[in-house]
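In what follows, a single structure is set out as structure tokens and then discussed.
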Amino acid sequence: LNDARLFVDQGDDDIAISVDSESTSNTAVAITGKYPISAVQDLSSGQAGYFNRNIAEAGSEPLVSMIDDHTSNTQPTLKIQQDGAGYGISIDHNANQKAIYIDHDGVTSEATMYFASPTTTTGTVLRIDDCNALTTGRMMELKSNSSDTGTRNLVEIVNDHASATGATALKIQQDSTGPALVMN
């Protein structure tokens with residue numbers, strides 16, 4: 001199609017477009033443009049996007065990659081806006097590995113939940129901010145309800161280099177008259 005629109009109006013309860021590709025070195029669908037993909041869910045109990053892999057993948061490719069390669073880019077790679085009462089991110093993790101892993105090489109500025117890997121060595125790896133409307137809730141809750149009697153640390157802070165004598169392992173700043181730390 002050149003200077004034309006491909007329109008599919010699927011009125012039946014079936015797949016509108018199906019692509020089965022056996023290529024091992026090329027993508028099945030390649031889209032370029034200013035706004036390459038827009039998915040709007042307009043029927044309830046569905047999903048706007050779904051990615052599934054059910055193979056014993058031992059390679060180095062993740063199920064989904066987002067690569068924001070330009071060094072002058074100042075926009076986030078991923079933005080999640082949740083206006084309802086549901087979770088912004090829900091992770092159901094059943095493997096014996098970390099549910100979230102951040103490989104951080106430093107940032108030049110700080111922002112709410114800023115994960116980044118530019119080339120400087122200052123800044124914040126994870127920041128939770130702008131909770132100014134918070135009254136009786138929590139900014140963070142770490143909870144375990146395991147009856148296992150094995151030795152484990154629920155929270156562990158490790159400053160693993162003996163030469164880092166200027167690093168503080170845990171700093172608490174309490175500007176109100178309330179207690180800085182309560183242990184029950």
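Every chain in the structure tokens takes a letter, A first, then B, and so on in the order presented; its residues are numbered from 1, and the ligands are numbered from 1 following the presented order.
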
Got a sec: who's within 12 Å of Pro62 in chain A, counting only C-alpha atoms, leaving out chain neighbours fewer than 3 positions off, as a PyMOL selection string?
chain A and resi 51-53+57-59+65-67

So that I have them on file, write out the residues from the current selection with N, CA, C and O atoms, as an mmCIF file, in the first residue's frame.
data_model
loop_
_atom_site.group_PDB
_atom_site.id
_atom_site.type_symbol
_atom_site.label_atom_id
_atom_site.label_comp_id
_atom_site.auth_asym_id
_atom_site.auth_seq_id
_atom_site.Cartn_x
_atom_site.Cartn_y
_atom_site.Cartn_z
ATOM 1 N N PHE A 51 1.992 -10.701 25.830
ATOM 2 C CA PHE A 51 3.217 -11.331 25.359
ATOM 3 C C PHE A 51 3.376 -12.647 26.107
ATOM 4 O O PHE A 51 3.269 -12.681 27.322
ATOM 5 N N ASN A 52 3.649 -13.726 25.397
ATOM 6 C CA ASN A 52 3.731 -15.039 26.031
ATOM 7 C C ASN A 52 4.890 -15.811 25.411
ATOM 8 O O ASN A 52 5.087 -15.799 24.195
ATOM 9 N N ARG A 53 5.673 -16.480 26.253
ATOM 10 C CA ARG A 53 6.721 -17.386 25.784
ATOM 11 C C ARG A 53 6.643 -18.619 26.662
ATOM 12 O O ARG A 53 6.816 -18.540 27.869
ATOM 13 N N GLU A 57 13.670 -21.385 27.337
ATOM 14 C CA GLU A 57 14.608 -20.421 26.763
ATOM 15 C C GLU A 57 15.848 -20.329 27.643
ATOM 16 O O GLU A 57 15.783 -19.883 28.782
ATOM 17 N N ALA A 58 16.975 -20.759 27.112
ATOM 18 C CA ALA A 58 18.235 -20.695 27.856
ATOM 19 C C ALA A 58 19.163 -19.647 27.273
ATOM 20 O O ALA A 58 20.308 -19.542 27.675
ATOM 21 N N GLY A 59 18.684 -18.863 26.312
ATOM 22 C CA GLY A 59 19.517 -17.865 25.676
ATOM 23 C C GLY A 59 19.610 -16.601 26.507
ATOM 24 O O GLY A 59 19.390 -16.597 27.715
ATOM 25 N N SER A 65 11.852 -6.431 25.189
ATOM 26 C CA SER A 65 12.955 -5.482 25.311
ATOM 27 C C SER A 65 12.463 -4.091 24.968
ATOM 28 O O SER A 65 11.730 -3.915 23.997
ATOM 29 N N MET A 66 12.869 -3.117 25.751
ATOM 30 C CA MET A 66 12.658 -1.717 25.427
ATOM 31 C C MET A 66 14.031 -1.075 25.415
ATOM 32 O O MET A 66 14.690 -1.026 26.448
ATOM 33 N N ILE A 67 14.477 -0.609 24.274
ATOM 34 C CA ILE A 67 15.814 -0.061 24.127
ATOM 35 C C ILE A 67 15.686 1.397 23.725
ATOM 36 O O ILE A 67 15.149 1.711 22.670
#

Can you pull out every residue within 12 Å of Ser38 in chain A, counting only C-alpha atoms, but drop anything in the same chain fewer than 4 positions away, and send it as a PyMOL selection string?
chain A and resi 31+33-34+48-49

Can I get the selected residues back with N, CA, C and O atoms, as a PDB file, in the first residue's frame?
ATOM      1  N   ILE A  31       7.490  -2.302  12.102  1.00  0.00           N
ATOM      2  CA  ILE A  31       6.714  -1.074  11.973  1.00  0.00           C
ATOM      3  C   ILE A  31       7.623   0.096  12.334  1.00  0.00           C
ATOM      4  O   ILE A  31       8.288   0.075  13.360  1.00  0.00           O
ATOM      5  N   GLY A  33       7.724   4.561  12.419  1.00  0.00           N
ATOM      6  CA  GLY A  33       6.889   5.751  12.356  1.00  0.00           C
ATOM      7  C   GLY A  33       7.028   6.565  13.620  1.00  0.00           C
ATOM      8  O   GLY A  33       7.719   6.179  14.564  1.00  0.00           O
ATOM      9  N   LYS A  34       6.357   7.703  13.672  1.00  0.00           N
ATOM     10  CA  LYS A  34       6.389   8.540  14.870  1.00  0.00           C
ATOM     11  C   LYS A  34       5.606   7.893  16.005  1.00  0.00           C
ATOM     12  O   LYS A  34       5.999   7.945  17.166  1.00  0.00           O
ATOM     13  N   ALA A  48      -4.996  -4.974  26.509  1.00  0.00           N
ATOM     14  CA  ALA A  48      -4.525  -4.138  25.407  1.00  0.00           C
ATOM     15  C   ALA A  48      -3.255  -4.702  24.796  1.00  0.00           C
ATOM     16  O   ALA A  48      -2.924  -4.395  23.658  1.00  0.00           O
ATOM     17  N   GLY A  49      -2.537  -5.523  25.515  1.00  0.00           N
ATOM     18  CA  GLY A  49      -1.332  -6.159  24.991  1.00  0.00           C
ATOM     19  C   GLY A  49      -1.073  -7.459  25.726  1.00  0.00           C
ATOM     20  O   GLY A  49      -1.377  -7.593  26.911  1.00  0.00           O
TER      21      GLY A  49
END

Find the spatial neighbours of Ala30 in chain A, counting only C-alpha atoms, within a cut-off of 12 Å - ignore same-chain residues fewer than 6 positions away - and output them as a PyMOL selection string.
chain A and resi 19+36-37

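Each of A:Arg127, A:Val182, A:Gly46, A:Arg5 was compared to Met139 in chain A using only C-alpha atoms, and A:Arg127 turns out to be the nearest.
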
Rounded to one decimal place, report the CA of Asp160 in chain A-CA of Lys143 in chain A distance in Å.
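Straight-line distance from CA of Asp160 in chain A to CA of Lys143 in chain A works out to 25.1 Å.
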
Mind giving me the straight-line distance from CA of Ser60 in chain A to CA of His104 in chain A in Å, one decimal?
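Here the two named atoms are 18.9 Å from each other.
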